[in-house]
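Structure, as structure tokens:
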Amino acid sequence: NWLENLRLQMCPDVSTFNKLFDYLEDKALQMDKSLIYDCISTIVTKLFMEFCNAVASKPKTKERDQNLETIAIILLIEFNNPNKNIRKHADKFLSCLVDKFPHLLWSKAVLFGMLNALQTLSLYVMDEDTQEVKVGRMRRRVILLDTVETRQDLLHEFSQRAKDFVKTSVEWAPDTVQSHLQEYINTVRIGGIKIHSGVTLATDCIQSLTSSITN
């Protein structure tokens with residue numbers, strides 16, 4: 001435990017975060033019938049809080065922000081993990097992260113990464129032959145559920161979480177978020193893709209934002 005703590009103090013970066021998440025995804029620990037996994041979960045949660053504190057104590061550099069954005073995107077992607085327990089941890093960690101670094105809520109990289117993840121996953125909902133997908137710039141592996149129905153349910157849940165994320169973002173920086181969403185829509189349209197889940201969600205969010213302003 002002290003060794004992990006030392007590593008966090010020394011290396012508050014994406015690789016350290018991934019190491020923490022690896023403990024949660026350890027299949028042997030998940031199947032353990034004792035309370036070991038619960039203990040590990042508690043320790044990892046505490047270490048993640050320490051991780052956030054370690055990052056916050058570092059100078060505000062472009063590299064630090066890029067690391068934070070990557071971690072936020074990974075946590076959003078992990079909302080699609082087939083393991084419900086991992087999804088809960090991703091939710092808890094993301095809340096902690098944006099609480100400590102609220103600028104991530106209106107980060108263009110995070111918003112784009114979330115919408116791209118939604119689009120990538122939507123492409124494979126109906127394809128039962130595909131068992132896993134690599135998502136995002138960091139090629140995060142997502143194991144897909146077995147049936148079309150369960151995949152649709154989880155994707156719908158992720159879509160709703162994405163809307164909630166944008167809704168919170170808008171409360172902090174409405175003009176910036178709307179500008180990022182419009183830029184996303186324009187960028188994808190230039191590519192000529194007709195049906196795009198990320199664009200659909202971004203469009204819905206802009207319409208909601210516009211109607212709430214006019215009302």
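Convention: chains lettered A, B, ... in structure tokens order; per-chain residue numbering from 1; ligands numbered from 1 as shown.
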Filtered DSSP result for stretch 88-205 of chain A, state strand (DSSP E), as a PyMOL selection string
chain A and resi 132-135+140-143
Next, dump the selected residues to file, keeping only C-alpha atoms, as a compact mmCIF listing (two decimals), in the first residue's frame.
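Final output, saved to out27.txt:
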```txt
# COMPACT_ATOMS: atom_id res chain seq x y z
CA GLU A 132 -14.63 -6.45 -28.14
CA VAL A 133 -13.91 -2.98 -29.48
CA LYS A 134 -10.96 -0.60 -29.14
CA VAL A 135 -12.30 2.86 -28.32
CA ARG A 140 -9.30 1.45 -24.69
CA ARG A 141 -10.55 -2.11 -24.85
CA VAL A 142 -14.28 -2.58 -24.23
CA ILE A 143 -15.67 -6.11 -23.92
```
Non-local contacts of A:Leu104 (8 Å; only C-alpha atoms; under 6 positions in same chain excluded) as a PDB file with C-alpha atoms, in the first residue's frame:
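Wrote out-v9.pdb, looks like this:
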```
ATOM      1  CA  LEU A  68      -6.450  14.651 -16.889  1.00  0.00           C
ATOM      2  CA  GLU A  69      -8.455  14.779 -20.122  1.00  0.00           C
ATOM      3  CA  ALA A  72     -11.707  11.575 -17.869  1.00  0.00           C
ATOM      4  CA  VAL A  98     -14.413  16.754 -12.100  1.00  0.00           C
ATOM      5  CA  VAL A 110     -13.292  15.334 -23.167  1.00  0.00           C
TER       6      VAL A 110
END
```
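Among the candidates A:Glu78, A:Glu25, A:Asp13, A:Glu128, the one nearest to A:Lys58 when counting only C-alpha atoms is A:Asp13.
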Out of stretch 24-187 of chain A, which residues get alpha helix (DSSP H) from DSSP, as a PyMOL selection string?
chain A and resi 24+27-31+36-56+62-77+84-100+108-122+148-172+174-187
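Near A:Arg64, within 12 Å and counting only C-alpha atoms, sit Cys11, Pro12, Asp13, Val14, Cys52, Ala54, Val55, Ala56, Ser57, Lys58, Pro59, Lys60, Thr61, Lys62, Gln66, Asn67, Leu68, Glu69, Thr70, Ile71, Phe101 and Leu104 of chain A; same-chain residues fewer than 2 positions away were not included.
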Produce a file of the selected residues containing N, CA and C atoms, as a PDB file, in the first residue's frame.
```
ATOM      1  N   CYS A  11       4.548   9.710  -9.760  1.00  0.00           N
ATOM      2  CA  CYS A  11       4.083   9.665 -11.158  1.00  0.00           C
ATOM      3  C   CYS A  11       2.575   9.878 -11.272  1.00  0.00           C
ATOM      4  N   PRO A  12       2.082  11.084 -11.090  1.00  0.00           N
ATOM      5  CA  PRO A  12       0.645  11.322 -11.239  1.00  0.00           C
ATOM      6  C   PRO A  12       0.261  11.431 -12.712  1.00  0.00           C
ATOM      7  N   ASP A  13       0.288  10.300 -13.417  1.00  0.00           N
ATOM      8  CA  ASP A  13       0.006  10.320 -14.848  1.00  0.00           C
ATOM      9  C   ASP A  13      -0.956   9.204 -15.233  1.00  0.00           C
ATOM     10  N   VAL A  14      -1.206   9.069 -16.532  1.00  0.00           N
ATOM     11  CA  VAL A  14      -2.195   8.100 -17.022  1.00  0.00           C
ATOM     12  C   VAL A  14      -1.779   6.661 -16.704  1.00  0.00           C
ATOM     13  N   CYS A  52      -5.593  12.161  -7.263  1.00  0.00           N
ATOM     14  CA  CYS A  52      -6.137  13.480  -7.635  1.00  0.00           C
ATOM     15  C   CYS A  52      -5.409  14.594  -6.878  1.00  0.00           C
ATOM     16  N   ALA A  54      -2.363  14.424  -5.724  1.00  0.00           N
ATOM     17  CA  ALA A  54      -0.989  14.494  -6.243  1.00  0.00           C
ATOM     18  C   ALA A  54      -0.948  15.300  -7.543  1.00  0.00           C
ATOM     19  N   VAL A  55      -1.946  15.069  -8.422  1.00  0.00           N
ATOM     20  CA  VAL A  55      -2.000  15.816  -9.684  1.00  0.00           C
ATOM     21  C   VAL A  55      -2.260  17.298  -9.407  1.00  0.00           C
ATOM     22  N   ALA A  56      -3.152  17.570  -8.452  1.00  0.00           N
ATOM     23  CA  ALA A  56      -3.508  18.962  -8.130  1.00  0.00           C
ATOM     24  C   ALA A  56      -2.309  19.744  -7.591  1.00  0.00           C
ATOM     25  N   SER A  57      -1.379  19.026  -6.963  1.00  0.00           N
ATOM     26  CA  SER A  57      -0.210  19.696  -6.379  1.00  0.00           C
ATOM     27  C   SER A  57       0.866  20.007  -7.422  1.00  0.00           C
ATOM     28  N   LYS A  58       0.717  19.416  -8.612  1.00  0.00           N
ATOM     29  CA  LYS A  58       1.696  19.639  -9.681  1.00  0.00           C
ATOM     30  C   LYS A  58       1.416  20.960 -10.400  1.00  0.00           C
ATOM     31  N   PRO A  59       2.420  21.561 -11.025  1.00  0.00           N
ATOM     32  CA  PRO A  59       2.196  22.792 -11.794  1.00  0.00           C
ATOM     33  C   PRO A  59       1.169  22.574 -12.906  1.00  0.00           C
ATOM     34  N   LYS A  60       0.385  23.609 -13.204  1.00  0.00           N
ATOM     35  CA  LYS A  60      -0.637  23.520 -14.249  1.00  0.00           C
ATOM     36  C   LYS A  60       0.024  23.655 -15.623  1.00  0.00           C
ATOM     37  N   THR A  61       0.323  22.517 -16.214  1.00  0.00           N
ATOM     38  CA  THR A  61       0.967  22.504 -17.526  1.00  0.00           C
ATOM     39  C   THR A  61       0.032  21.866 -18.556  1.00  0.00           C
ATOM     40  N   LYS A  62       0.389  22.021 -19.816  1.00  0.00           N
ATOM     41  CA  LYS A  62      -0.379  21.401 -20.895  1.00  0.00           C
ATOM     42  C   LYS A  62      -0.376  19.877 -20.749  1.00  0.00           C
ATOM     43  N   GLN A  66      -3.576  17.397 -20.360  1.00  0.00           N
ATOM     44  CA  GLN A  66      -3.798  16.302 -21.314  1.00  0.00           C
ATOM     45  C   GLN A  66      -3.957  14.968 -20.592  1.00  0.00           C
ATOM     46  N   ASN A  67      -3.171  14.756 -19.537  1.00  0.00           N
ATOM     47  CA  ASN A  67      -3.307  13.543 -18.726  1.00  0.00           C
ATOM     48  C   ASN A  67      -4.693  13.470 -18.084  1.00  0.00           C
ATOM     49  N   LEU A  68      -5.127  14.599 -17.534  1.00  0.00           N
ATOM     50  CA  LEU A  68      -6.450  14.651 -16.889  1.00  0.00           C
ATOM     51  C   LEU A  68      -7.567  14.394 -17.895  1.00  0.00           C
ATOM     52  N   GLU A  69      -7.440  14.977 -19.083  1.00  0.00           N
ATOM     53  CA  GLU A  69      -8.455  14.779 -20.122  1.00  0.00           C
ATOM     54  C   GLU A  69      -8.515  13.312 -20.552  1.00  0.00           C
ATOM     55  N   THR A  70      -7.350  12.693 -20.701  1.00  0.00           N
ATOM     56  CA  THR A  70      -7.308  11.278 -21.089  1.00  0.00           C
ATOM     57  C   THR A  70      -7.967  10.407 -20.033  1.00  0.00           C
ATOM     58  N   ILE A  71      -7.692  10.684 -18.763  1.00  0.00           N
ATOM     59  CA  ILE A  71      -8.279   9.907 -17.670  1.00  0.00           C
ATOM     60  C   ILE A  71      -9.796  10.083 -17.641  1.00  0.00           C
ATOM     61  N   PHE A 101     -11.169  18.950 -10.570  1.00  0.00           N
ATOM     62  CA  PHE A 101     -10.735  19.683 -11.768  1.00  0.00           C
ATOM     63  C   PHE A 101     -11.958  19.999 -12.646  1.00  0.00           C
ATOM     64  N   LEU A 104     -12.552  20.169 -16.619  1.00  0.00           N
ATOM     65  CA  LEU A 104     -12.714  18.993 -17.489  1.00  0.00           C
ATOM     66  C   LEU A 104     -14.138  18.906 -18.040  1.00  0.00           C
TER      67      LEU A 104
END
```
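Candidate residues A:Arg189, A:Lys167, A:Arg161, A:His180 were compared for distance to A:Ile77, and the nearest is A:Arg161, using only C-alpha atoms.
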Separation of atom CA of A:Ser159 from atom CA of A:Phe21 in Å:
22.8 Å
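Atom pair atom CA of A:Met114 / atom CA of A:Gly136 has a distance of 8.7 Å (rounded to one decimal).
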